[in-house]
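Remarks on the structure that follows.
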Amino acid sequence: MNSISRQYIYLMIVSMILFIFVLLFSFLVLIPSGKEYRIKRVELKKLSREFRDYSNFHNETQETLQDLRSKNRRVITAFDATFNPDRFERENKHYFSELRVASLSEPTLENGFGVYEVNTTSQISSPKSFYDFLDGINKSEYIIAINFPINFKRDGEVIKSSFTMKVYCNNRDTNSTASESKKK
Amino acid sequence: MIYSYITPKKKSIFTQEVQLLLSFFTITIVMLLMTYSFLVFKNYSFTQEKKSLSTQKVELEKSLLIMKDKIAYIEKQKMLSETIYTQNIVLKDSISNLFDLVPLRITLSEAQLLKNGLILYGITPNKDIYNFMLQAPLRSIFHRTYSSFYPAKDGWFRFVSTNYTDNEEELDNDE
């Protein structure tokens, strides 16, 4: 017993304590933390990849939307435009000897769009003026459909015509880019 | 009584071996704690990043839904406008064809274009010219054609030609 000094006994005890501490700390704290770290890292990588893919898809959709907007700018503006009967008369008067646009009806809903019916009476010198008007209306700043009935009546040298126009615009309830057309 | 001529040294517990061992212990514990701190920090950072990514993803999803709605709406606008433009062009061609259909010897005084029909008022030198030159082509276009004549003062005839097309559905029902 005398061969092992007291100091070595201390050393052994302290070494044992450290060994036990290291073991306990490793198994109870460090290894679970490491496991959690590994799992979280894998999850984050997966999530990052998903997010990147999603972000790319988002960017592609954004490009598609912008492309669609730029290609259909005229149509979008036309649907947003506020129908002004006076302005319409002024802009299309040159097709007719006389043009009168009656007051707007209350808008109705058709295919999700607001529709105003506008009665129009006019005088034309020849049917060609009417054809030109129909060509011109497709290039106008509004979306207008010429609706039946259309009447042509000879009155001396001129033809009196009356027809109904349907002016389409955005429905304010669903897409509030639309604005209410002015009542004459 | 003194047994030695030198003064005794006081023995310390921190001998060289113990010091060496303690340094080793300290380094080991510091390394363990550093590793643990690193893991705790990284776990926290991963959790935060995960939360941030999830929030961003939710925002993207919302934005994507809005964009999809907008795309669908613009496509709807585009389709409707194209349909309307086509209808207007078809209407123009129909009116043009109608006026081309009327022979020079027949004069129209009024034309009513209806959704499913056409009513013509005019004057013709005689019934035969009307029947052969106007009614025949009208019959080939419309399903039902009715004509009535009224004598005019100068021996000509005023006529009213009423023409209708039946809807496909109605025709199917009749069959």
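Ordered as shown in the structure tokens, chains take letters A, B, and onward, while each chain numbers its residues from 1 and ligands are numbered from 1 in the order shown.
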
- prompt: So which residues of chain B fall under helix (DSSP H, G or I) by DSSP, listed as an NGL selection string?
  reply: :B and (16-101 or 127-141 or 168-174)

query: Excluding same-chain residues fewer than 3 positions from stretch 142-152 of chain B, what lies within 7 Å of it counting only C-alpha atoms, as a count of residues only?
result: 14

message: Would you mind listing, as JSON, numbers by chain, all residues of chain B that have at least one atom within 6 Å of chain A, where only C-alpha atoms are what counts?
response: {"B": [36, 43, 71, 84, 85, 92, 109, 110, 111, 112, 113, 114, 115]}

- request: Identify, on the basis of only C-alpha atoms, every residue whose closest approach to A:Val158 does not exceed 9 Å; exclude the query and any residue fewer than 6 positions from it along the same chain; express the result as a list in words.
  value: Ser97, Gln123, Ile124, Ser125 and Ser126 of chain A

Got a sec to tell me which of chain B DSSP assigns to strand (DSSP E), as a CSV table (one decimal) with C-alpha atoms, in the first residue's frame?
```csv
chain,number,residue,atom,x,y,z
B,107,THR,CA,-83.9,49.4,-104.1
B,108,LEU,CA,-83.9,49.0,-100.3
B,109,SER,CA,-85.6,51.5,-98.1
B,110,GLU,CA,-84.9,49.9,-94.8
B,111,ALA,CA,-83.0,47.0,-93.4
B,112,GLN,CA,-83.3,45.6,-89.9
B,113,LEU,CA,-80.6,43.2,-88.8
B,117,GLY,CA,-83.0,37.3,-88.7
B,118,LEU,CA,-83.2,40.0,-91.3
B,119,ILE,CA,-86.1,42.2,-92.3
B,120,LEU,CA,-85.8,44.1,-95.6
B,121,TYR,CA,-88.1,46.8,-96.9
B,122,GLY,CA,-87.8,48.0,-100.5
B,123,ILE,CA,-89.1,48.4,-103.9
B,124,THR,CA,-88.8,46.1,-106.9
B,144,ARG,CA,-87.6,30.7,-93.0
B,145,THR,CA,-88.3,33.4,-95.5
B,146,TYR,CA,-91.6,35.3,-95.8
B,147,SER,CA,-92.3,38.0,-98.4
B,148,SER,CA,-95.3,40.3,-98.9
B,149,PHE,CA,-95.9,42.7,-101.7
B,150,TYR,CA,-97.8,46.0,-101.9
B,151,PRO,CA,-98.4,47.7,-105.3
B,157,PHE,CA,-94.0,46.7,-105.9
B,158,ARG,CA,-93.1,47.5,-102.4
B,159,PHE,CA,-92.0,44.4,-100.5
B,160,VAL,CA,-91.3,43.3,-97.0
B,161,SER,CA,-89.0,40.4,-96.7
B,162,THR,CA,-88.8,38.7,-93.3
B,163,ASN,CA,-86.1,36.1,-92.9
B,164,TYR,CA,-85.2,34.0,-89.8
```

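Our summary of the geometry notes that atom CA of A:Ser5 is positioned 19.8 Å from atom CA of B:Pro8.
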
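Atom to atom, atom CA of B:Ile27 and atom CA of B:Ser12 stand 22.6 Å apart.
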
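Atom CA of A:Thr77 sits 23.6 Å away from atom CA of A:Ala102.
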